[in-house]
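K.L.:
Handing over entry_10.csv, CSV, C-alpha atoms.
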chain,number,residue,atom,x,y,z
A,22,MET,CA,0.0,0.0,0.0
A,23,ALA,CA,2.7,2.4,1.0
A,24,HIS,CA,4.6,1.6,-2.1
A,25,ASP,CA,1.5,2.3,-4.3
A,26,PHE,CA,0.8,5.5,-2.5
A,27,SER,CA,4.4,6.8,-2.8
A,28,ALA,CA,4.4,5.8,-6.5
A,29,PHE,CA,1.2,7.7,-7.1
A,30,VAL,CA,2.5,10.8,-5.4
A,31,ARG,CA,5.8,10.6,-7.3
A,32,HIS,CA,3.9,10.1,-10.6
A,33,ARG,CA,1.1,12.6,-10.1
A,34,GLY,CA,2.1,14.9,-7.3
A,35,ALA,CA,3.6,17.6,-9.4
A,36,HIS,CA,0.4,17.9,-11.5
A,37,HIS,CA,-1.7,18.3,-8.4
A,38,LEU,CA,0.8,20.8,-7.0
A,39,ARG,CA,0.2,22.8,-10.1
A,40,THR,CA,-3.5,22.7,-9.6
A,41,ALA,CA,-2.9,23.9,-6.1
A,42,VAL,CA,-0.7,26.8,-7.1
A,43,LEU,CA,-3.4,28.0,-9.5
A,44,LEU,CA,-5.9,27.9,-6.7
A,45,THR,CA,-3.8,29.5,-4.0
A,46,GLY,CA,-1.6,31.8,-6.0
A,47,ASP,CA,1.8,31.0,-4.6
A,48,TRP,CA,4.0,27.9,-4.3
A,49,HIS,CA,4.4,28.0,-0.5
A,50,ALA,CA,0.6,27.9,0.0
A,51,ALA,CA,0.3,25.3,-2.7
A,52,GLU,CA,2.8,23.0,-0.9
A,53,ASP,CA,0.9,23.4,2.3
A,54,LEU,CA,-2.4,22.7,0.6
A,55,LEU,CA,-1.1,19.6,-1.2
A,56,GLN,CA,0.6,18.3,1.9
A,57,SER,CA,-2.6,18.5,3.9
A,58,CYS,CA,-4.5,16.8,1.0
A,59,LEU,CA,-2.0,14.0,0.7
A,60,VAL,CA,-2.3,13.2,4.3
A,61,LYS,CA,-6.1,12.9,3.9
A,62,LEU,CA,-5.6,10.8,0.8
A,63,TYR,CA,-3.2,8.5,2.6
A,64,ARG,CA,-5.7,7.9,5.4
A,65,SER,CA,-8.3,7.0,2.8
A,66,TRP,CA,-5.9,5.0,0.6
A,67,PRO,CA,-6.7,1.6,2.1
A,68,ARG,CA,-10.4,2.1,1.5
A,69,LEU,CA,-10.0,3.1,-2.2
A,70,ASP,CA,-11.1,0.2,-4.4
A,71,THR,CA,-9.6,-0.5,-7.8
A,72,ALA,CA,-12.5,1.3,-9.5
A,73,THR,CA,-11.6,4.6,-7.7
A,74,ASP,CA,-9.5,7.0,-9.7
A,75,PRO,CA,-7.0,8.4,-7.2
A,76,ASP,CA,-6.5,11.5,-9.3
A,77,ALA,CA,-10.2,12.3,-9.1
A,78,TYR,CA,-10.3,11.5,-5.4
A,79,LEU,CA,-7.3,13.8,-4.7
A,80,ARG,CA,-8.8,16.5,-6.9
A,81,ARG,CA,-12.0,16.4,-4.8
A,82,ILE,CA,-9.9,16.7,-1.6
A,83,LEU,CA,-8.0,19.6,-3.0
A,84,VAL,CA,-11.2,21.5,-4.0
A,85,ASN,CA,-12.9,20.8,-0.6
A,86,THR,CA,-9.8,21.6,1.5
A,87,HIS,CA,-9.1,24.8,-0.4
A,88,ARG,CA,-12.7,25.8,0.0
A,89,SER,CA,-12.6,25.3,3.7
A,90,TRP,CA,-9.2,27.1,4.0
A,91,TRP,CA,-10.6,30.0,2.1
A,92,ARG,CA,-13.6,30.2,4.3
A,93,VAL,CA,-11.4,30.3,7.4
A,94,SER,CA,-9.0,32.8,6.0
A,95,TRP,CA,-11.1,35.2,3.9
A,96,ARG,CA,-11.7,37.5,6.8
A,97,ARG,CA,-7.9,38.1,7.1
A,98,GLU,CA,-7.5,38.9,3.5
A,99,THR,CA,-7.6,42.5,2.4
A,100,PRO,CA,-9.3,43.0,-0.9
A,101,SER,CA,-7.4,45.2,-3.2
A,102,ASP,CA,-8.3,47.2,-6.3
A,103,SER,CA,-4.8,47.3,-7.5
A,104,MET,CA,-4.1,45.1,-10.5
A,105,PRO,CA,-0.9,43.3,-11.4
A,106,GLU,CA,0.9,44.7,-14.3
A,107,PRO,CA,0.2,42.7,-17.5
A,108,ALA,CA,3.2,40.8,-18.7
A,109,ALA,CA,4.7,41.5,-22.1
A,110,GLY,CA,6.2,38.1,-23.0
A,111,GLN,CA,4.9,34.5,-23.2
A,112,ASP,CA,6.1,31.4,-21.5
A,113,ASP,CA,8.3,33.0,-18.9
A,114,PRO,CA,8.4,33.3,-15.1
A,115,VAL,CA,7.1,36.9,-15.3
A,116,LEU,CA,4.1,35.9,-17.2
A,117,ALA,CA,3.5,32.9,-14.8
A,118,LEU,CA,3.6,35.3,-11.8
A,119,ALA,CA,1.3,37.8,-13.6
A,120,VAL,CA,-1.3,35.1,-14.3
A,121,ARG,CA,-1.2,33.8,-10.8
A,122,GLN,CA,-1.7,37.3,-9.4
A,123,ALA,CA,-4.5,37.8,-11.9
A,124,LEU,CA,-6.1,34.6,-10.7
A,125,LYS,CA,-5.9,35.8,-7.1
A,126,VAL,CA,-8.0,38.9,-8.1
A,127,LEU,CA,-10.8,36.6,-9.1
A,128,PRO,CA,-13.5,35.5,-6.6
A,129,PRO,CA,-12.7,31.9,-5.5
A,130,ARG,CA,-15.6,30.3,-7.3
A,131,GLN,CA,-14.6,31.9,-10.6
A,132,ARG,CA,-11.0,30.9,-10.1
A,133,LEU,CA,-12.0,27.4,-9.3
A,134,ALA,CA,-14.2,27.1,-12.3
A,135,LEU,CA,-11.5,28.2,-14.6
A,136,VAL,CA,-8.9,25.9,-13.1
A,137,LEU,CA,-11.1,22.9,-13.2
A,138,ARG,CA,-12.4,23.6,-16.7
A,139,TYR,CA,-9.2,24.7,-18.5
A,140,PHE,CA,-6.3,23.4,-16.5
A,141,GLU,CA,-7.8,20.0,-15.4
A,142,ASP,CA,-9.8,19.9,-18.6
A,143,LEU,CA,-12.9,18.6,-17.0
A,144,PRO,CA,-16.3,18.6,-18.7
A,145,GLN,CA,-18.7,21.2,-17.4
A,146,ALA,CA,-20.9,18.6,-15.7
A,147,GLN,CA,-18.0,17.3,-13.7
A,148,VAL,CA,-16.9,20.8,-12.7
A,149,ALA,CA,-20.5,21.5,-11.6
A,150,GLU,CA,-20.5,18.3,-9.5
A,151,LEU,CA,-17.2,19.2,-7.9
A,152,MET,CA,-18.3,22.7,-7.2
A,153,GLY,CA,-21.7,21.6,-5.9
A,154,CYS,CA,-23.6,23.8,-8.3
A,155,SER,CA,-25.5,23.6,-11.6
A,156,VAL,CA,-23.9,23.6,-15.1
A,157,GLY,CA,-25.4,27.0,-15.6
A,158,SER,CA,-23.6,28.3,-12.6
A,159,VAL,CA,-20.4,26.9,-13.9
A,160,LYS,CA,-20.9,28.7,-17.2
A,161,THR,CA,-21.6,31.9,-15.3
A,162,HIS,CA,-18.5,31.6,-13.1
A,163,THR,CA,-16.4,30.8,-16.1
A,164,HIS,CA,-17.7,33.6,-18.2
A,165,ARG,CA,-17.3,36.2,-15.5
A,166,GLY,CA,-13.8,34.8,-14.6
A,167,VAL,CA,-12.7,35.1,-18.2
A,168,ARG,CA,-14.0,38.6,-18.4
A,169,ARG,CA,-12.2,39.6,-15.2
A,170,LEU,CA,-9.0,37.9,-16.4
A,171,ARG,CA,-9.2,39.9,-19.6
A,172,GLU,CA,-9.5,43.1,-17.7
A,173,VAL,CA,-6.4,42.3,-15.7
A,174,LEU,CA,-4.2,40.7,-18.3
A,175,GLY,CA,-5.5,42.4,-21.5
A,176,GLU,CA,-7.1,41.2,-24.7
A,177,GLU,CA,-3.9,40.2,-26.2
A,178,LEU,CA,-3.5,37.4,-23.7
A,179,VAL,CA,-7.2,36.6,-23.2
A,180,PRO,CA,-9.0,37.1,-26.6
A,181,GLU,CA,-12.5,38.6,-26.7
A,182,ILE,CA,-15.6,36.4,-26.7
A,183,THR,CA,-18.9,37.6,-28.1
A,184,GLU,CA,-22.1,37.9,-26.1
A,185,MET,CA,-23.6,35.3,-28.4
A,186,GLU,CA,-20.9,32.8,-27.6
A,187,ALA,CA,-21.1,33.5,-23.9
A,188,LYS,CA,-24.7,32.5,-23.9
A,189,ARG,CA,-24.0,29.0,-25.4
B,6,MET,CA,-16.8,30.6,-25.5
B,7,ASN,CA,-14.8,30.4,-28.7
B,8,ARG,CA,-11.9,28.1,-29.3
B,9,ALA,CA,-9.3,30.9,-29.3
B,10,THR,CA,-10.3,32.0,-25.9
B,11,GLU,CA,-10.3,28.5,-24.5
B,12,ASP,CA,-6.9,27.7,-26.0
B,13,ALA,CA,-5.5,31.0,-24.6
B,14,LEU,CA,-6.8,30.1,-21.1
B,15,ARG,CA,-5.3,26.6,-21.3
B,16,SER,CA,-2.0,28.1,-22.4
B,17,LEU,CA,-2.0,30.8,-19.6
B,18,LEU,CA,-2.9,28.3,-16.9
B,19,ARG,CA,-0.1,25.9,-18.1
B,20,THR,CA,2.4,28.8,-18.0
B,21,ALA,CA,1.2,30.0,-14.6
B,22,SER,CA,2.0,26.6,-13.1
B,23,ALA,CA,5.1,25.7,-15.0
B,24,ASP,CA,7.7,27.3,-12.9
B,25,GLY,CA,7.4,24.9,-9.9
B,26,PRO,CA,9.0,21.6,-8.9
B,27,GLU,CA,9.3,18.8,-11.4
B,28,HIS,CA,8.7,16.0,-8.9
B,29,VAL,CA,6.9,15.6,-5.6
B,30,GLU,CA,7.7,13.0,-2.9
B,31,PHE,CA,5.8,12.2,0.2
B,32,ALA,CA,7.8,12.3,3.4
B,33,VAL,CA,7.5,12.6,7.1
B,34,SER,CA,9.5,14.3,9.8
B,35,ALA,CA,8.9,15.5,13.3
B,36,ARG,CA,11.2,18.5,12.7
B,37,ARG,CA,10.1,19.2,9.2
B,38,ARG,CA,13.4,18.0,7.7
B,39,ARG,CA,13.1,16.2,4.5
B,40,VAL,CA,13.4,12.5,5.2
B,41,LEU,CA,11.8,9.7,3.2
B,42,VAL,CA,9.1,7.8,5.0
B,43,PRO,CA,10.4,4.7,6.7
B,44,SER,CA,6.9,3.3,7.3
B,45,LEU,CA,3.9,5.2,6.0
B,46,ALA,CA,1.7,3.2,8.3
B,47,ALA,CA,3.2,5.2,11.2
B,48,LEU,CA,1.2,8.2,9.9
B,49,LEU,CA,-2.0,6.6,11.0
B,50,THR,CA,-0.9,5.4,14.4
B,51,ALA,CA,1.6,8.0,15.5
B,52,GLY,CA,0.2,11.2,14.0
B,53,VAL,CA,3.6,12.0,12.5
B,54,VAL,CA,3.9,15.3,10.7
B,55,ALA,CA,3.7,14.7,7.0
B,56,VAL,CA,5.8,16.7,4.6
B,57,VAL,CA,5.6,16.9,0.9
B,58,THR,CA,9.1,16.9,-0.6
B,59,MET,CA,9.4,19.0,-3.7
B,60,MET,CA,12.2,17.6,-5.8
B,61,GLY,CA,13.8,20.3,-7.8
B,62,ALA,CA,11.6,22.8,-6.2
B,63,THR,CA,13.2,25.8,-7.9
B,64,SER,CA,10.8,28.4,-6.7
B,65,SER,CA,10.9,27.4,-3.1
B,66,ALA,CA,14.7,27.1,-3.1
B,67,GLN,CA,14.9,30.4,-4.9
B,68,ALA,CA,12.8,32.0,-2.2
B,69,VAL,CA,15.0,30.5,0.6
B,70,VAL,CA,18.2,31.9,-1.1
B,71,ALA,CA,16.6,35.3,-1.7
B,72,GLU,CA,15.4,35.5,1.8
B,73,ALA,CA,18.8,34.4,3.2
B,74,ALA,CA,20.6,37.0,1.0
B,75,GLN,CA,18.2,39.7,2.3
B,76,ARG,CA,18.6,38.6,5.9
B,77,THR,CA,22.4,38.5,5.7
B,78,ALA,CA,22.5,41.8,4.0
B,79,SER,CA,20.5,43.4,6.8
B,80,GLU,CA,23.0,42.9,9.6
B,81,SER,CA,26.7,43.6,10.0
B,82,PHE,CA,29.2,40.8,9.2
B,83,ARG,CA,32.8,40.0,8.5
B,84,VAL,CA,33.8,38.3,5.3
B,85,THR,CA,36.8,36.8,3.6
B,86,GLY,CA,37.0,36.6,-0.2
B,87,THR,CA,39.4,34.8,-2.5
B,88,SER,CA,39.8,35.0,-6.3
B,89,ASP,CA,41.9,32.5,-8.1
B,90,SER,CA,42.7,32.5,-11.8
B,91,PRO,CA,45.7,31.5,-13.9
B,92,GLU,CA,46.7,35.2,-14.0
B,93,LYS,CA,46.4,36.0,-10.3
B,94,SER,CA,45.3,35.0,-6.9
B,95,MET,CA,44.0,37.4,-4.3
B,96,LYS,CA,42.6,37.2,-0.9
B,97,SER,CA,40.7,39.9,0.9
B,98,THR,CA,39.2,40.4,4.4
B,99,GLY,CA,36.3,42.7,5.1
B,100,TYR,CA,33.6,44.1,7.3
B,101,PHE,CA,30.2,45.5,6.4
B,102,ASP,CA,27.5,47.2,8.3
B,103,PRO,CA,24.4,47.6,6.1
B,104,THR,CA,22.6,49.8,8.6
B,105,ALA,CA,25.4,52.3,8.8
B,106,ARG,CA,26.1,51.8,5.1
B,107,THR,CA,29.8,51.4,5.8
B,108,GLY,CA,32.3,48.7,4.9
B,109,ARG,CA,35.9,47.9,4.4
B,110,THR,CA,37.9,45.4,2.5
B,111,VAL,CA,41.7,44.9,2.6
B,112,VAL,CA,43.6,42.9,0.0
B,113,GLU,CA,46.2,40.9,1.8
B,114,GLY,CA,49.8,41.5,0.9
B,115,THR,CA,49.2,44.5,-1.4
B,116,GLY,CA,48.4,47.3,1.0
B,117,ARG,CA,45.3,48.0,-1.0
B,118,GLU,CA,42.2,48.9,0.9
B,119,THR,CA,38.6,49.8,0.0
B,120,ARG,CA,36.2,51.7,2.2
B,121,PHE,CA,32.5,52.0,1.6
B,122,VAL,CA,30.8,55.0,3.3
B,123,GLY,CA,27.3,55.9,2.2
B,124,ASP,CA,27.2,56.4,-1.6
B,125,HIS,CA,30.9,56.6,-2.0
B,126,VAL,CA,33.7,54.1,-2.3
B,127,TYR,CA,37.3,55.1,-1.2
B,128,GLN,CA,40.3,53.2,-2.6
B,129,TYR,CA,43.8,53.1,-1.4
B,130,ASP,CA,46.5,51.8,-3.7
B,131,GLY,CA,49.3,51.9,-1.2
B,132,VAL,CA,50.1,55.6,-1.9
B,133,THR,CA,47.0,57.7,-2.2
B,134,TRP,CA,43.2,57.6,-1.5
B,135,THR,CA,40.7,58.2,-4.3
B,136,VAL,CA,36.9,58.5,-4.0
B,137,GLU,CA,34.1,57.8,-6.5
B,138,PRO,CA,30.4,57.0,-6.4
B,139,ARG,CA,29.6,53.4,-5.2
B,140,VAL,CA,28.4,51.1,-8.0
B,141,ASP,CA,27.0,47.6,-7.6
B,142,ASP,CA,26.5,46.6,-11.2
B,143,GLN,CA,29.6,44.5,-11.5
B,144,PRO,CA,29.4,40.7,-11.9
B,145,ILE,CA,28.5,39.0,-8.7
B,146,HIS,CA,31.7,36.9,-8.6
B,147,LYS,CA,33.7,40.1,-8.6
B,148,LEU,CA,31.4,41.7,-6.1
B,149,ALA,CA,31.8,38.7,-3.8
B,150,TYR,CA,35.5,39.8,-3.6
B,151,THR,CA,35.3,43.6,-3.9
B,152,ASP,CA,31.9,44.3,-2.4
B,153,PRO,CA,30.3,41.3,-0.7
B,154,GLN,CA,27.4,43.5,0.4
B,155,ALA,CA,26.4,44.2,-3.2
B,156,ALA,CA,26.9,40.5,-4.1
B,157,LEU,CA,24.2,39.6,-1.6
B,158,GLU,CA,21.8,41.9,-3.4
B,159,GLN,CA,22.6,40.3,-6.8
B,160,LEU,CA,22.2,36.8,-5.2
B,161,ARG,CA,18.5,37.7,-4.6
B,162,GLU,CA,18.1,37.7,-8.4
B,163,ALA,CA,19.6,34.3,-8.8
B,164,SER,CA,17.8,31.8,-11.1
B,165,ASN,CA,17.6,28.0,-11.4
B,166,VAL,CA,18.2,27.6,-7.7
B,167,GLN,CA,18.4,24.0,-6.6
B,168,GLU,CA,18.9,22.4,-3.2
B,169,GLN,CA,22.1,20.3,-3.3
B,170,GLY,CA,22.2,18.8,0.2
B,171,PRO,CA,23.7,19.4,3.7
B,172,ALA,CA,26.6,21.9,4.2
B,173,HIS,CA,28.7,22.8,7.2
B,174,GLY,CA,31.5,25.0,8.3
B,175,GLU,CA,33.2,26.1,11.5
B,176,GLY,CA,30.4,26.4,14.1
B,177,TRP,CA,27.5,26.0,11.7
B,178,THR,CA,25.5,23.5,9.7
B,179,GLY,CA,23.1,24.2,6.9
B,180,THR,CA,22.1,23.5,3.4
B,181,ARG,CA,23.8,24.0,0.0
B,182,TYR,CA,22.1,25.5,-3.0
B,183,SER,CA,23.3,25.8,-6.6
B,184,PHE,CA,22.3,28.9,-8.6
B,185,GLU,CA,22.9,30.8,-11.8
B,186,VAL,CA,23.2,34.6,-12.2
B,187,ALA,CA,23.1,36.3,-15.6
B,188,TYR,CA,24.9,39.6,-16.0
B,189,PRO,CA,25.9,41.9,-18.8
B,190,ASP,CA,29.4,41.2,-20.1
B,191,SER,CA,31.6,43.4,-22.2
B,192,LYS,CA,32.4,40.3,-24.4
B,193,GLY,CA,28.7,39.6,-25.1
B,194,PRO,CA,25.2,40.5,-24.2
B,195,VAL,CA,24.8,38.2,-21.2
B,196,THR,CA,27.0,35.8,-19.3
B,197,GLU,CA,25.8,33.1,-17.0
B,198,MET,CA,27.7,32.5,-13.8
B,199,THR,CA,27.1,29.4,-11.8
B,200,GLY,CA,27.8,28.8,-8.2
B,201,THR,CA,26.7,27.4,-4.9
B,202,VAL,CA,25.7,29.1,-1.7
B,203,ASP,CA,25.6,27.7,1.8
B,204,ILE,CA,22.8,28.8,4.2
B,205,ASP,CA,23.0,28.1,7.9
B,206,GLU,CA,20.1,27.0,10.1
B,207,GLN,CA,19.5,30.6,11.1
B,208,GLY,CA,18.9,31.4,7.4
B,209,ARG,CA,22.1,33.4,6.8
B,210,ILE,CA,24.5,33.1,3.9
B,211,ARG,CA,27.7,31.5,5.1
B,212,HIS,CA,29.6,30.6,2.0
B,213,MET,CA,29.5,31.4,-1.7
B,214,ASP,CA,31.5,29.6,-4.4
B,215,MET,CA,31.4,30.9,-7.9
B,216,GLN,CA,33.1,29.8,-11.1
B,217,VAL,CA,33.3,31.9,-14.3
B,218,GLY,CA,35.5,30.5,-17.0
B,219,ASP,CA,38.9,29.8,-15.3
B,220,SER,CA,38.2,32.2,-12.4
B,221,HIS,CA,37.2,30.7,-9.1
B,222,ASN,CA,35.8,33.0,-6.4
B,223,VAL,CA,34.8,32.3,-2.9
B,224,ALA,CA,33.3,34.4,-0.1
B,225,ASP,CA,32.8,33.3,3.5
B,226,TYR,CA,30.6,35.3,5.8
B,227,PHE,CA,31.0,35.2,9.6
B,228,ASP,CA,31.0,37.1,12.9
B,229,PHE,CA,27.5,38.5,12.4
B,230,ARG,CA,26.6,41.7,14.3
B,231,ALA,CA,30.2,42.6,14.6
B,232,SER,CA,30.9,46.3,15.2
B,233,GLU,CA,33.7,48.3,13.7
B,234,GLU,CA,34.1,52.0,12.8
B,235,VAL,CA,34.7,52.9,9.2
B,236,VAL,CA,35.3,56.5,8.3
B,237,ALA,CA,36.0,58.3,5.1
B,238,PRO,CA,39.7,59.2,4.5
B,239,ALA,CA,40.1,63.0,4.8
B,240,ASP,CA,42.5,63.4,1.9
B,241,ALA,CA,40.8,61.3,-0.8
B,242,GLN,CA,41.0,62.7,-4.4
B,243,PRO,CA,37.9,62.4,-6.6
B,244,VAL,CA,38.4,60.0,-9.6
B,245,PRO,CA,37.7,61.8,-12.9
B,246,GLU,CA,34.5,60.6,-14.5
B,247,GLY,CA,36.2,59.0,-17.5
B,248,LYS,CA,38.5,56.9,-15.2
B,249,ARG,CA,35.9,55.5,-12.8
B,250,HIS,CA,35.5,51.8,-12.4
Could you write out this file's structure as structure tokens?

P.N.:
Amino acid sequence: MAHDFSAFVRHRGAHHLRTAVLLTGDWHAAEDLLQSCLVKLYRSWPRLDTATDPDAYLRRILVNTHRSWWRVSWRRETPSDSMPEPAAGQDDPVLALAVRQALKVLPPRQRLALVLRYFEDLPQAQVAELMGCSVGSVKTHTHRGVRRLREVLGEELVPEITEMEAKR
Amino acid sequence: MNRATEDALRSLLRTASADGPEHVEFAVSARRRRVLVPSLAALLTAGVVAVVTMMGATSSAQAVVAEAAQRTASESFRVTGTSDSPEKSMKSTGYFDPTARTGRTVVEGTGRETRFVGDHVYQYDGVTWTVEPRVDDQPIHKLAYTDPQAALEQLREASNVQEQGPAHGEGWTGTRYSFEVAYPDSKGPVTEMTGTVDIDEQGRIRHMDMQVGDSHNVADYFDFRASEEVVAPADAQPVPEGKRH
């Protein structure tokens, strides 16, 4: 069991850490979040049957744990109107930081919808199930999240979508 | 949402999460040291603290080094520096007080001395003192020898930082990190300098080792919170602008 668990973490841990950093906005918080989730996963590991996808299970723990952390910590956070400077180049650490800062500007539900839909590449129905809402709400969160990201990062990085397309 | 927007979002999210560790291991430790799990079952029974080990965790290691450079540069210290190349070998000893913005380095066996006071640097060639504005845009391996205070500032900009393992020196133990620093070079647009830096358990820089071509440069930091008076020489002559370093 221990061997299987360690192998899973070695094989898939980095991917889930990347999901965590998109949700939290910085690597230190992402490490803490993933660490907490892996402990929970390990405790459940003996009960997972062969039909259970450990990726999906860990993703659910990540979403739920991050949600509970956010609920505890939101009162300590100071909302800011200041926007990060849009980055000029592509595929560089400056852009990575700018996008993470832009994600932090989003309300948590919008951020979560974007990460699950476009980083984890989950279908809308599965995103809705994870978020505990309807598919329509996922579309709304996604649409608003994209619009906010565009305001922060600019149309060059987040191309415009039409109102017609947004209603699909 | 159209395809272009979706593709752009996927690309941005990949980029935003691409500068982290390449591998993750699961580990436990009671003191948050990075030790592989001897028995994961102990987690359930003993409630041992679990630690996720980030292999090649560049951003975390980078943050540790940057923080150590900042911490070290915020209190006074003594330093020795050596520079070895086929052409010459030099050794210097120095003292820096960032709060007072003063410092002094003496090159052994040459009579040459450099004093840093505020925005000015005073240099003694064995005969006369000269003064010119202090600059810190030299390559870090030279700064480690001529101006260790400024070298710490440049270390904060290091890239590709990787944890290498334990390190120790006289009276301290810590961790070694490798790093790269890019700087403008008269021979080309940018030169990459590689090196290692040792950080003690108090989070201070203790040792830097840098290699550029056939030049090997080392700086050792010690005697933190030392106190020494450094004053500007009264008879220093200004260096003409065209002859400044």

K.L.:
Report, in Å to a single decimal, how far apart atom CA of Ser65 of chain A and atom CA of Ala146 of chain A are.

P.N.:
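That distance, rounded to one decimal, is 25.2 Å.
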
K.L.:
Rounded to one decimal place, report the atom CA of Leu59 of chain A-atom CA of Val42 of chain A distance in Å.

P.N.:
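Separation between atom CA of Leu59 of chain A and atom CA of Val42 of chain A: 15.0 Å.
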
K.L.:
Write out as a PyMOL selection string each polymer residue whose atoms come within 9 Å of Val167 of chain A, counting only C-alpha atoms; drop sequence neighbours fewer than 6 positions from it.

P.N.:
(chain A and resi 131+135+179) or (chain B and resi 10+14)

K.L.:
In Å, with one decimal, what is the gap from atom CA of Val84 of chain A to atom CA of Leu118 of chain A?

P.N.:
21.7 Å

K.L.:
List the residues sitting within 12 Å of (35.0, 53.0, 10.2) in the file's frame, using all atoms listed in the file, as a CSV table (one decimal) with C-alpha atoms, in the coordinates of the input.

P.N.:
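Contents of the output file point27.csv:
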chain,number,residue,atom,x,y,z
B,99,GLY,CA,36.3,42.7,5.1
B,100,TYR,CA,33.6,44.1,7.3
B,101,PHE,CA,30.2,45.5,6.4
B,102,ASP,CA,27.5,47.2,8.3
B,105,ALA,CA,25.4,52.3,8.8
B,106,ARG,CA,26.1,51.8,5.1
B,107,THR,CA,29.8,51.4,5.8
B,108,GLY,CA,32.3,48.7,4.9
B,109,ARG,CA,35.9,47.9,4.4
B,110,THR,CA,37.9,45.4,2.5
B,119,THR,CA,38.6,49.8,0.0
B,120,ARG,CA,36.2,51.7,2.2
B,121,PHE,CA,32.5,52.0,1.6
B,122,VAL,CA,30.8,55.0,3.3
B,123,GLY,CA,27.3,55.9,2.2
B,127,TYR,CA,37.3,55.1,-1.2
B,232,SER,CA,30.9,46.3,15.2
B,233,GLU,CA,33.7,48.3,13.7
B,234,GLU,CA,34.1,52.0,12.8
B,235,VAL,CA,34.7,52.9,9.2
B,236,VAL,CA,35.3,56.5,8.3
B,237,ALA,CA,36.0,58.3,5.1
B,238,PRO,CA,39.7,59.2,4.5

K.L.:
Calculated over only C-alpha atoms, which of the candidates B:Arg161, B:His212, B:Arg83, B:His28 has the smallest distance to Ala68 of chain B?

P.N.:
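That would be B:Arg161, the residue with the smallest distance to Ala68 of chain B.
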
K.L.:
Would you list the residues near (18.0, 32.1, -9.0), meaning any protein, DNA or RNA residue with an atom at most 7 Å from that point in file coordinates, counting only C-alpha atoms, as a list in words?

P.N.:
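Nearby residues: Gln67, Glu162, Ala163, Ser164, Asn165, Val166, Phe184, Glu185 and Val186 of chain B.
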
K.L.:
Which of these, A:Ala149, A:Ala28, A:Leu133, A:Val126, has the shortest distance to chain B once you count all atoms listed in the file?

P.N.:
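Checking each of A:Ala149, A:Ala28, A:Leu133, A:Val126 against chain B, counting all atoms listed in the file, the winner is A:Ala28.
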
K.L.:
Within 6 Å of Met213 of chain B, counting all atoms listed in the file, which residues qualify if same-chain residues fewer than 4 places away don't, as a list of chain:residue names?

P.N.:
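Once the adjacent positions are removed, what remains is B:Thr201, B:Val202, B:Val223, B:Ala224.
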
K.L.:
Counting all atoms listed in the file, figure out which residue out of A:Leu43, A:Leu54, A:Leu127, A:Leu83 gets nearest to Tyr139 of chain A.

P.N.:
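Distance minimum relative to Tyr139 of chain A lands on A:Leu43.
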
K.L.:
Given all atoms listed in the file as the basis, pick out the residue of B:Val70, B:Leu160, B:Ser79, B:Glu30 nearest to Leu55 of chain A.

P.N.:
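Of B:Val70, B:Leu160, B:Ser79, B:Glu30, the one nearest Leu55 of chain A, counting all atoms listed in the file, is B:Glu30.
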
K.L.:
I need the residue nearest Ser89 of chain A from this list: A:Arg33, A:Pro129, A:Ala77, A:Glu150. Use all atoms listed in the file for the distance.

P.N.:
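Of A:Arg33, A:Pro129, A:Ala77, A:Glu150, the one nearest Ser89 of chain A is A:Pro129, counting all atoms listed in the file.
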
K.L.:
For chain B, which of A:Gln147, A:Pro114, A:Arg88, A:Lys61 is the closest residue, counting only C-alpha atoms?

P.N.:
A:Pro114

K.L.:
Would you mind listing what lies within 7 Å of segment 84-96 of chain B as a count of residues only, with all atoms listed in the file counted and same-chain residues fewer than 4 positions away left out?

P.N.:
14

K.L.:
If we count all atoms listed in the file, what is near Arg121 of chain A at a cut-off of 12 Å, once residues fewer than 4 positions away on the same chain are taken out, given as an NGL selection string?

P.N.:
(:A and (39-48 or 51 or 104-108 or 114-117 or 125-127 or 132 or 136 or 170 or 173-174)) or (:B and (17-24))
